[in-house]
$ cat run_5.txt   # compact mmCIF, C-alpha atoms
# COMPACT_ATOMS: atom_id res chain seq x y z
CA MET A 1 0.00 0.00 0.00
CA GLN A 2 2.87 2.37 0.80
CA MET A 3 4.30 1.89 -2.68
CA LEU A 4 0.90 2.64 -4.23
CA ILE A 5 0.54 5.88 -2.28
CA CYS A 6 4.11 6.93 -3.13
CA SER A 7 3.52 6.37 -6.86
CA LEU A 8 0.28 8.39 -6.67
CA ILE A 9 2.04 11.27 -4.88
CA LEU A 10 4.89 11.14 -7.42
CA ILE A 11 2.63 11.38 -10.48
CA THR A 12 0.47 14.08 -8.87
CA THR A 13 3.50 16.19 -7.97
CA TYR A 14 4.96 15.77 -11.44
CA LEU A 15 1.73 16.95 -13.06
CA TYR A 16 1.55 19.91 -10.65
CA VAL A 17 5.10 21.05 -11.44
CA GLY A 18 4.60 20.57 -15.17
CA THR A 19 1.31 22.50 -15.17
CA HIS A 20 2.83 25.60 -13.58
CA THR A 21 5.99 25.37 -15.67
CA PHE A 22 4.26 25.20 -19.06
CA TYR A 23 1.63 27.74 -18.08
CA ASN A 24 4.25 30.33 -17.15
CA LEU A 25 6.31 29.60 -20.26
CA GLU A 26 3.51 29.62 -22.84
CA ARG A 27 0.81 31.96 -21.52
CA ASN A 28 2.25 34.96 -23.39
CA SER A 29 3.05 33.07 -26.60
CA PRO A 30 1.29 33.79 -29.94
CA ILE A 31 -2.32 32.71 -29.77
CA ILE A 32 -3.83 30.85 -32.74
CA ALA A 33 -4.08 31.94 -36.32
CA ASP A 34 -2.65 34.77 -38.31
CA GLU A 35 -5.43 37.18 -39.30
CA GLU A 36 -3.92 37.94 -42.70
CA ASN A 37 -3.82 34.24 -43.60
CA ASP A 38 -7.46 33.91 -42.59
CA LYS A 39 -8.39 36.85 -44.78
CA MET A 40 -6.63 35.35 -47.81
CA VAL A 41 -8.37 31.99 -47.31
CA PHE A 42 -11.81 33.56 -47.00
CA GLU A 43 -11.28 35.73 -50.10
CA PHE A 44 -10.11 32.73 -52.12
CA VAL A 45 -13.14 30.65 -51.06
CA GLU A 46 -15.54 33.46 -51.88
CA ASP A 47 -13.98 34.11 -55.31
CA TRP A 48 -13.93 30.42 -56.14
CA PHE A 49 -17.58 29.94 -55.22
CA SER A 50 -18.49 33.06 -57.16
CA ASN A 51 -16.95 31.62 -60.31
CA VAL A 52 -18.54 28.21 -59.80
CA LEU A 53 -21.99 29.58 -59.09
CA SER A 54 -21.89 32.10 -61.93
CA ASN A 55 -21.12 29.28 -64.38
CA LYS A 56 -23.80 27.08 -62.88
CA TYR A 57 -26.54 29.68 -62.64
CA HIS A 58 -25.72 32.05 -65.51
CA ASN A 59 -29.39 31.97 -66.53
CA PHE A 60 -30.73 32.08 -62.99
CA SER A 61 -29.44 35.29 -61.47
CA GLY A 62 -31.87 35.09 -58.53
CA VAL A 63 -30.64 31.67 -57.44
CA PHE A 64 -27.04 32.75 -57.90
CA ASP A 65 -27.51 35.88 -55.76
CA PHE A 66 -29.23 33.87 -53.04
CA GLU A 67 -26.48 31.24 -52.77
CA LEU A 68 -23.69 33.80 -52.98
CA ASN A 69 -25.28 35.88 -50.21
CA LEU A 70 -25.71 32.73 -48.14
CA LEU A 71 -22.03 31.93 -48.66
CA ARG A 72 -20.98 35.45 -47.62
CA HIS A 73 -23.18 35.21 -44.53
CA ASN A 74 -21.56 31.91 -43.50
CA ILE A 75 -18.08 33.32 -44.14
CA SER A 76 -18.86 36.28 -41.89
CA ARG A 77 -20.01 33.90 -39.15
CA ILE A 78 -16.75 31.96 -39.51
CA LYS A 79 -14.78 35.21 -39.31
CA GLU A 80 -16.55 36.18 -36.10
CA PHE A 81 -15.88 32.78 -34.60
CA ARG A 82 -12.20 32.90 -35.58
CA LYS A 83 -11.91 36.39 -34.10
CA LYS A 84 -13.43 35.15 -30.86
CA VAL A 85 -11.11 32.16 -30.73
CA ARG A 86 -8.10 34.29 -31.65
CA ASN A 87 -8.76 36.56 -28.71
CA THR A 88 -9.02 33.62 -26.32
CA HIS A 89 -5.74 32.22 -25.09
CA LEU A 90 -5.35 28.45 -25.17
CA TRP A 91 -2.69 28.29 -22.46
CA THR A 92 -4.87 28.57 -19.38
CA MET A 93 -3.78 26.83 -16.19
CA GLU A 94 -6.40 24.15 -16.81
CA ASN A 95 -5.22 23.48 -20.36
CA ALA A 96 -1.59 23.41 -19.22
CA PHE A 97 -2.61 20.61 -16.84
CA LEU A 98 -4.37 18.76 -19.65
CA TYR A 99 -1.30 19.19 -21.85
CA CYS A 100 0.91 17.57 -19.20
CA VAL A 101 -1.49 14.64 -18.88
CA THR A 102 -1.53 14.05 -22.64
CA VAL A 103 2.29 14.19 -22.78
CA ILE A 104 3.03 11.57 -20.12
CA THR A 105 0.17 9.28 -21.21
CA THR A 106 1.30 9.62 -24.87
CA ILE A 107 -2.26 10.55 -25.96
CA GLY A 108 -1.05 13.83 -27.46
CA TYR A 109 -4.28 15.24 -28.87
CA GLY A 110 -2.43 18.14 -30.51
CA ASN A 111 -5.11 20.72 -29.71
CA ILE A 112 -2.62 22.66 -27.62
CA VAL A 113 1.11 22.72 -28.34
CA PRO A 114 4.10 24.73 -27.13
CA VAL A 115 5.16 27.67 -29.29
CA THR A 116 8.33 28.82 -27.55
CA GLY A 117 11.63 27.05 -28.11
CA ILE A 118 12.10 26.50 -24.37
CA GLY A 119 8.61 25.01 -24.17
CA LYS A 120 9.40 22.52 -26.92
CA ILE A 121 12.68 21.49 -25.30
CA LEU A 122 11.01 21.09 -21.90
CA THR A 123 8.27 19.00 -23.52
CA VAL A 124 10.93 16.53 -24.66
CA ILE A 125 12.48 16.44 -21.20
CA TYR A 126 9.08 16.26 -19.51
CA GLY A 127 8.09 13.29 -21.66
CA ILE A 128 11.41 11.48 -21.19
CA LEU A 129 11.05 11.69 -17.41
CA GLY A 130 7.26 11.54 -17.18
CA ILE A 131 6.61 8.40 -19.23
CA PRO A 132 8.78 6.24 -16.92
CA PHE A 133 6.99 7.81 -13.94
CA LEU A 134 3.69 6.81 -15.52
CA ILE A 135 4.95 3.28 -16.18
CA HIS A 136 6.02 3.07 -12.52
CA PHE A 137 2.55 4.22 -11.43
CA VAL A 138 0.71 1.85 -13.76
CA SER A 139 2.89 -1.14 -12.88
CA ASN A 140 2.39 -0.64 -9.13
CA TRP A 141 -1.36 -0.24 -9.35
CA GLY A 142 -1.59 -2.89 -12.06
CA ASN A 143 0.10 -5.36 -9.70
CA SER A 144 -2.77 -4.87 -7.27
CA LEU A 145 -5.30 -5.68 -9.97
CA HIS A 146 -3.09 -8.59 -11.03
CA LYS A 147 -3.28 -9.99 -7.49
CA PHE A 148 -7.07 -9.52 -7.45
CA ILE A 149 -7.49 -11.45 -10.73
CA TYR A 150 -5.24 -14.18 -9.36
CA ASN A 151 -7.47 -14.51 -6.28
CA VAL A 152 -10.52 -14.69 -8.56
CA GLU A 153 -8.78 -17.42 -10.55
CA ARG A 154 -8.03 -19.42 -7.40
CA PHE A 155 -11.66 -19.16 -6.36
CA VAL A 156 -12.96 -20.20 -9.79
CA ILE A 157 -10.56 -23.15 -9.99
CA VAL A 158 -11.64 -24.38 -6.56
CA GLN A 159 -15.30 -24.08 -7.54
CA PHE A 160 -15.14 -25.62 -11.01
CA SER A 161 -12.10 -27.91 -11.14
CA PHE A 162 -14.06 -30.82 -9.71
CA LYS A 163 -16.41 -30.61 -12.70
CA GLY A 164 -13.62 -31.66 -15.01
CA LEU A 165 -12.85 -28.25 -16.51
CA PRO A 166 -9.11 -27.90 -17.25
CA GLN A 167 -7.27 -25.07 -15.49
CA ASN A 168 -5.93 -23.71 -18.78
CA PHE A 169 -9.48 -23.27 -20.03
CA LEU A 170 -10.39 -21.34 -16.88
CA LYS A 171 -7.31 -19.12 -17.23
CA ASN A 172 -8.16 -18.32 -20.86
CA PHE A 173 -11.79 -17.69 -19.94
CA LEU A 174 -10.81 -15.23 -17.18
CA THR A 175 -8.43 -13.40 -19.52
CA VAL A 176 -11.16 -12.95 -22.13
CA PHE A 177 -13.69 -12.01 -19.43
CA PHE A 178 -11.54 -9.25 -17.92
CA LEU A 179 -10.60 -7.92 -21.36
CA ALA A 180 -14.26 -7.75 -22.29
CA LEU A 181 -14.91 -5.98 -18.99
CA PHE A 182 -12.24 -3.45 -19.96
CA TYR A 183 -14.11 -2.54 -23.14
CA ILE A 184 -17.41 -2.35 -21.30
CA ILE A 185 -16.08 -0.09 -18.53
CA PHE A 186 -13.63 2.11 -20.43
CA VAL A 187 -15.03 2.19 -23.97
CA LEU A 188 -18.73 1.37 -24.07
CA THR A 189 -19.80 3.13 -20.84
CA PRO A 190 -18.01 6.44 -21.64
CA ALA A 191 -19.48 6.26 -25.15
CA ILE A 192 -22.99 6.08 -23.71
CA ILE A 193 -22.23 8.98 -21.34
CA LEU A 194 -20.87 11.13 -24.18
CA THR A 195 -23.89 10.33 -26.32
CA ILE A 196 -26.25 11.48 -23.56
CA PHE A 197 -24.42 14.54 -22.22
CA GLN A 198 -22.33 15.79 -25.17
CA ASN A 199 -24.88 15.21 -27.95
CA TYR A 200 -22.38 13.16 -29.95
CA SER A 201 -23.62 10.37 -32.17
CA PHE A 202 -23.03 6.95 -30.64
CA VAL A 203 -20.49 6.09 -33.34
CA ASP A 204 -18.50 9.29 -32.64
CA SER A 205 -18.71 8.66 -28.89
CA LEU A 206 -17.50 5.07 -29.26
CA TYR A 207 -14.67 6.23 -31.51
CA CYS A 208 -13.70 9.01 -29.08
CA SER A 209 -13.67 6.64 -26.09
CA TYR A 210 -11.56 4.07 -27.87
CA ILE A 211 -8.87 6.44 -29.18
CA THR A 212 -8.59 7.93 -25.67
CA ALA A 213 -8.53 4.67 -23.70
CA SER A 214 -5.99 3.22 -26.13
CA SER A 215 -3.92 6.47 -25.95
CA ILE A 216 -4.06 6.90 -29.74
CA GLY A 217 -5.50 10.42 -29.46
CA PHE A 218 -5.86 11.66 -33.04
CA GLY A 219 -7.14 15.04 -31.82
CA ASP A 220 -10.37 15.26 -33.80
CA PHE A 221 -12.23 14.69 -30.51
CA SER A 222 -10.85 16.14 -27.30
CA VAL A 223 -11.97 17.17 -23.82
CA MET A 224 -10.15 20.50 -24.17
CA THR A 225 -12.19 23.67 -23.72
CA LEU A 226 -11.45 27.39 -23.81
CA GLU A 227 -13.39 27.91 -20.60
CA THR A 228 -11.86 28.12 -17.13
CA GLY A 229 -13.01 27.48 -13.58
CA TYR A 230 -13.75 24.70 -11.12
CA ILE A 231 -16.05 22.84 -13.51
CA VAL A 232 -13.24 22.61 -16.07
CA TRP A 233 -10.83 21.42 -13.36
CA CYS A 234 -13.30 18.71 -12.33
CA ARG A 235 -13.71 17.70 -15.97
CA TYR A 236 -9.97 17.43 -16.55
CA ILE A 237 -9.33 15.58 -13.28
CA LEU A 238 -12.05 13.05 -14.10
CA PHE A 239 -10.46 12.64 -17.52
CA THR A 240 -7.07 12.03 -15.89
CA VAL A 241 -8.51 9.44 -13.52
CA TYR A 242 -10.20 7.75 -16.47
CA VAL A 243 -6.98 7.57 -18.51
CA LEU A 244 -4.86 6.33 -15.60
CA ALA A 245 -7.49 3.79 -14.57
CA SER A 246 -7.81 2.39 -18.09
CA ALA A 247 -4.03 2.04 -18.42
CA THR A 248 -3.78 0.44 -14.98
CA TYR A 249 -6.60 -2.00 -15.65
CA LEU A 250 -5.12 -3.10 -18.96
CA ALA A 251 -1.68 -3.49 -17.36
CA GLY A 252 -3.15 -5.69 -14.63
CA VAL A 253 -4.81 -7.99 -17.17
CA VAL A 254 -1.60 -8.23 -19.22
CA MET A 255 0.43 -9.05 -16.08
CA TYR A 256 -2.05 -11.77 -15.19
CA ARG A 257 -1.78 -13.29 -18.64
CA VAL A 258 2.03 -13.09 -18.77
CA TYR A 259 2.54 -14.81 -15.40
CA SER A 260 -0.19 -17.39 -15.91
CA VAL A 261 1.55 -20.48 -17.35
CA ASN A 262 0.43 -23.97 -18.32
CA GLU A 263 1.96 -25.70 -15.30
CA GLY A 264 0.40 -23.32 -12.80
CA TYR A 265 0.59 -19.80 -11.55
CA ILE A 266 3.90 -18.09 -10.79
CA ILE A 267 3.55 -16.12 -7.58
CA LEU A 268 5.86 -13.14 -7.59
CA THR A 269 8.06 -12.40 -4.62
CA GLU A 270 5.95 -9.31 -3.85
CA PHE A 271 2.86 -11.47 -3.43
CA SER A 272 4.42 -14.17 -1.28
$ encode --input "run_5.txt" --output "structure tokens"
Amino acid sequence: MQMLICSLILITTYLYVGTHTFYNLERNSPIIADEENDKMVFEFVEDWFSNVLSNKYHNFSGVFDFELNLLRHNISRIKEFRKKVRNTHLWTMENAFLYCVTVITTIGYGNIVPVTGIGKILTVIYGILGIPFLIHFVSNWGNSLHKFIYNVERFVIVQFSFKGLPQNFLKNFLTVFFLALFYIIFVLTPAIILTIFQNYSFVDSLYCSYITASSIGFGDFSVMTLETGYIVWCRYILFTVYVLASATYLAGVVMYRVYSVNEGYIILTEFS
């Protein structure tokens, strides 16, 4: 238990230090997009659509005017949104915390990145040190789950061995069972929650849950927000617990499978 608490304190402290470090380094860095580039893109899109629509509706000036005005209206809405986003800084304290979590868990959504040279160098150092810290945390807590699965296996073998079921079959069954439980707890359940509370389609929610739990993190779906406050902190902390718990659970199942052999179960020195 002492080792578990120490690993938890270590990872928490590391995230705390990283959050304040990156926030202070990046909070005054350039914000998002260059306004001149946006202007060129919008002008190009408008000119291109004008040419397309004029060729398509050269005999229907009313339809052409309507669609062109609709296009201009949508472009102005996009401009307003971009202006709002441009004036909102990504590097809040909350997002700095999220950035640190995505670095050490290797999710790396890419929604927020360092701009300064020092920030980029520190990201490399932070990842080099932080990923082993995370592995240490996951291995310690995964060992506890490993021990729990072993106790379940002992119970199942005692209950069912007399019925003629081979132990290897029971070991394989438990491995498949706990892997299926992983997908139910960390993929299917979050997908249902996202569908209900975030108004995502179920397919998008399932996809988002999987790429997060598996630490793929493409970045097309992310928990990041431009808002600040206690609600955002709660959201990010819950996300962190979810990511660490999914990694720990999977590590525990893998440990169980690795140490479960045909002749019997190898009890590690820590468990004896």
$ residues_around --input "run_5.txt" --residues "Val203 in chain A" --least-positions-apart "3" --cutoff "12 Å" --atoms "all atoms listed in the file" --output "ChimeraX atom specification"
/A:187-188,190-192,194-195,199-200,206-210
$ closest_residue --input "run_5.txt" --among "A:Ile196, A:Ala245, A:Met224, A:Val158" --to "Ala96 in chain A" --atoms "only C-alpha atoms"
A:Met224
$ atom_distance --input "run_5.txt" --atom1 "CA of Phe22 in chain A" --atom2 "CA of Ala213 in chain A"
24.6 Å
$ atom_distance --input "run_5.txt" --atom1 "CA of Ile184 in chain A" --atom2 "CA of Ser246 in chain A"
11.2 Å
$ atom_distance --input "run_5.txt" --atom1 "CA of Tyr150 in chain A" --atom2 "CA of Val254 in chain A"
12.1 Å
$ residues_around --input "run_5.txt" --residues "Glu153 in chain A" --least-positions-apart "4" --cutoff "12 Å" --atoms "all atoms listed in the file" --output "PyMOL selection string"
chain A and resi 146-149+157-161+167-175+177-178+256-257+260+264-265
$ closest_residue --input "run_5.txt" --among "A:Val253, A:Val124, A:Leu25, A:Val243" --to "Ile216 in chain A" --atoms "all atoms listed in the file"
A:Val243
$ closest_residue --input "run_5.txt" --among "A:Tyr183, A:Asn28, A:Ser7, A:Met93" --to "Tyr230 in chain A" --atoms "all atoms listed in the file"
A:Met93
$ closest_residue --input "run_5.txt" --among "A:Asn151, A:Asn143, A:Ser215, A:Ser201" --to "Thr106 in chain A" --atoms "only C-alpha atoms"
A:Ser215
$ build_atoms --input "run_5.txt" --residues "range 126-149 of chain A" --atoms "N, CA, C and O atoms" --output "JSON list (two decimals), in the frame of the given file"
[["chain", "number", "residue", "atom", "x", "y", "z"],
["A", 126, "TYR", "N", 10.23, 16.64, -20.34],
["A", 126, "TYR", "CA", 9.08, 16.26, -19.51],
["A", 126, "TYR", "C", 8.55, 14.88, -19.90],
["A", 126, "TYR", "O", 8.18, 14.08, -19.05],
["A", 127, "GLY", "N", 8.53, 14.60, -21.20],
["A", 127, "GLY", "CA", 8.09, 13.29, -21.66],
["A", 127, "GLY", "C", 9.08, 12.19, -21.32],
["A", 127, "GLY", "O", 8.69, 11.09, -20.90],
["A", 128, "ILE", "N", 10.38, 12.48, -21.49],
["A", 128, "ILE", "CA", 11.41, 11.48, -21.19],
["A", 128, "ILE", "C", 11.36, 11.05, -19.73],
["A", 128, "ILE", "O", 11.51, 9.86, -19.40],
["A", 129, "LEU", "N", 11.14, 12.01, -18.83],
["A", 129, "LEU", "CA", 11.05, 11.69, -17.41],
["A", 129, "LEU", "C", 9.65, 11.21, -17.02],
["A", 129, "LEU", "O", 9.51, 10.32, -16.19],
["A", 130, "GLY", "N", 8.63, 11.81, -17.61],
["A", 130, "GLY", "CA", 7.26, 11.54, -17.18],
["A", 130, "GLY", "C", 6.74, 10.18, -17.60],
["A", 130, "GLY", "O", 5.99, 9.55, -16.84],
["A", 131, "ILE", "N", 7.11, 9.70, -18.78],
["A", 131, "ILE", "CA", 6.61, 8.40, -19.23],
["A", 131, "ILE", "C", 7.10, 7.27, -18.32],
["A", 131, "ILE", "O", 6.30, 6.41, -17.94],
["A", 132, "PRO", "N", 8.38, 7.25, -17.91],
["A", 132, "PRO", "CA", 8.78, 6.24, -16.92],
["A", 132, "PRO", "C", 8.05, 6.39, -15.58],
["A", 132, "PRO", "O", 7.72, 5.37, -14.95],
["A", 133, "PHE", "N", 7.78, 7.63, -15.15],
["A", 133, "PHE", "CA", 6.99, 7.81, -13.94],
["A", 133, "PHE", "C", 5.61, 7.18, -14.09],
["A", 133, "PHE", "O", 5.09, 6.55, -13.17],
["A", 134, "LEU", "N", 5.01, 7.39, -15.26],
["A", 134, "LEU", "CA", 3.69, 6.81, -15.52],
["A", 134, "LEU", "C", 3.76, 5.29, -15.53],
["A", 134, "LEU", "O", 2.87, 4.61, -14.98],
["A", 135, "ILE", "N", 4.80, 4.74, -16.15],
["A", 135, "ILE", "CA", 4.95, 3.28, -16.18],
["A", 135, "ILE", "C", 5.10, 2.74, -14.76],
["A", 135, "ILE", "O", 4.52, 1.70, -14.40],
["A", 136, "HIS", "N", 5.86, 3.46, -13.92],
["A", 136, "HIS", "CA", 6.02, 3.07, -12.52],
["A", 136, "HIS", "C", 4.67, 3.07, -11.81],
["A", 136, "HIS", "O", 4.33, 2.14, -11.06],
["A", 137, "PHE", "N", 3.88, 4.11, -12.04],
["A", 137, "PHE", "CA", 2.55, 4.22, -11.43],
["A", 137, "PHE", "C", 1.65, 3.08, -11.89],
["A", 137, "PHE", "O", 1.01, 2.40, -11.09],
["A", 138, "VAL", "N", 1.60, 2.88, -13.20],
["A", 138, "VAL", "CA", 0.71, 1.85, -13.76],
["A", 138, "VAL", "C", 1.13, 0.45, -13.33],
["A", 138, "VAL", "O", 0.28, -0.39, -13.03],
["A", 139, "SER", "N", 2.42, 0.20, -13.28],
["A", 139, "SER", "CA", 2.89, -1.14, -12.88],
["A", 139, "SER", "C", 2.55, -1.44, -11.43],
["A", 139, "SER", "O", 2.15, -2.56, -11.09],
["A", 140, "ASN", "N", 2.70, -0.43, -10.55],
["A", 140, "ASN", "CA", 2.39, -0.64, -9.13],
["A", 140, "ASN", "C", 0.91, -0.90, -8.91],
["A", 140, "ASN", "O", 0.51, -1.84, -8.23],
["A", 141, "TRP", "N", 0.08, -0.05, -9.50],
["A", 141, "TRP", "CA", -1.36, -0.24, -9.35],
["A", 141, "TRP", "C", -1.86, -1.43, -10.15],
["A", 141, "TRP", "O", -2.82, -2.11, -9.75],
["A", 142, "GLY", "N", -1.22, -1.71, -11.28],
["A", 142, "GLY", "CA", -1.59, -2.89, -12.06],
["A", 142, "GLY", "C", -1.28, -4.18, -11.32],
["A", 142, "GLY", "O", -2.01, -5.18, -11.47],
["A", 143, "ASN", "N", -0.22, -4.18, -10.50],
["A", 143, "ASN", "CA", 0.10, -5.36, -9.70],
["A", 143, "ASN", "C", -1.02, -5.69, -8.73],
["A", 143, "ASN", "O", -1.31, -6.86, -8.47],
["A", 144, "SER", "N", -1.66, -4.64, -8.19],
["A", 144, "SER", "CA", -2.77, -4.87, -7.27],
["A", 144, "SER", "C", -3.94, -5.54, -7.98],
["A", 144, "SER", "O", -4.57, -6.47, -7.46],
["A", 145, "LEU", "N", -4.23, -5.05, -9.19],
["A", 145, "LEU", "CA", -5.30, -5.68, -9.97],
["A", 145, "LEU", "C", -4.90, -7.10, -10.38],
["A", 145, "LEU", "O", -5.72, -8.02, -10.38],
["A", 146, "HIS", "N", -3.63, -7.27, -10.69],
["A", 146, "HIS", "CA", -3.09, -8.59, -11.03],
["A", 146, "HIS", "C", -3.34, -9.56, -9.88],
["A", 146, "HIS", "O", -3.81, -10.70, -10.09],
["A", 147, "LYS", "N", -3.07, -9.13, -8.67],
["A", 147, "LYS", "CA", -3.28, -9.99, -7.49],
["A", 147, "LYS", "C", -4.77, -10.31, -7.31],
["A", 147, "LYS", "O", -5.14, -11.44, -6.97],
["A", 148, "PHE", "N", -5.63, -9.30, -7.58],
["A", 148, "PHE", "CA", -7.07, -9.52, -7.45],
["A", 148, "PHE", "C", -7.55, -10.57, -8.45],
["A", 148, "PHE", "O", -8.32, -11.48, -8.11],
["A", 149, "ILE", "N", -7.09, -10.47, -9.71],
["A", 149, "ILE", "CA", -7.49, -11.45, -10.73],
["A", 149, "ILE", "C", -6.98, -12.84, -10.37],
["A", 149, "ILE", "O", -7.67, -13.85, -10.57]]
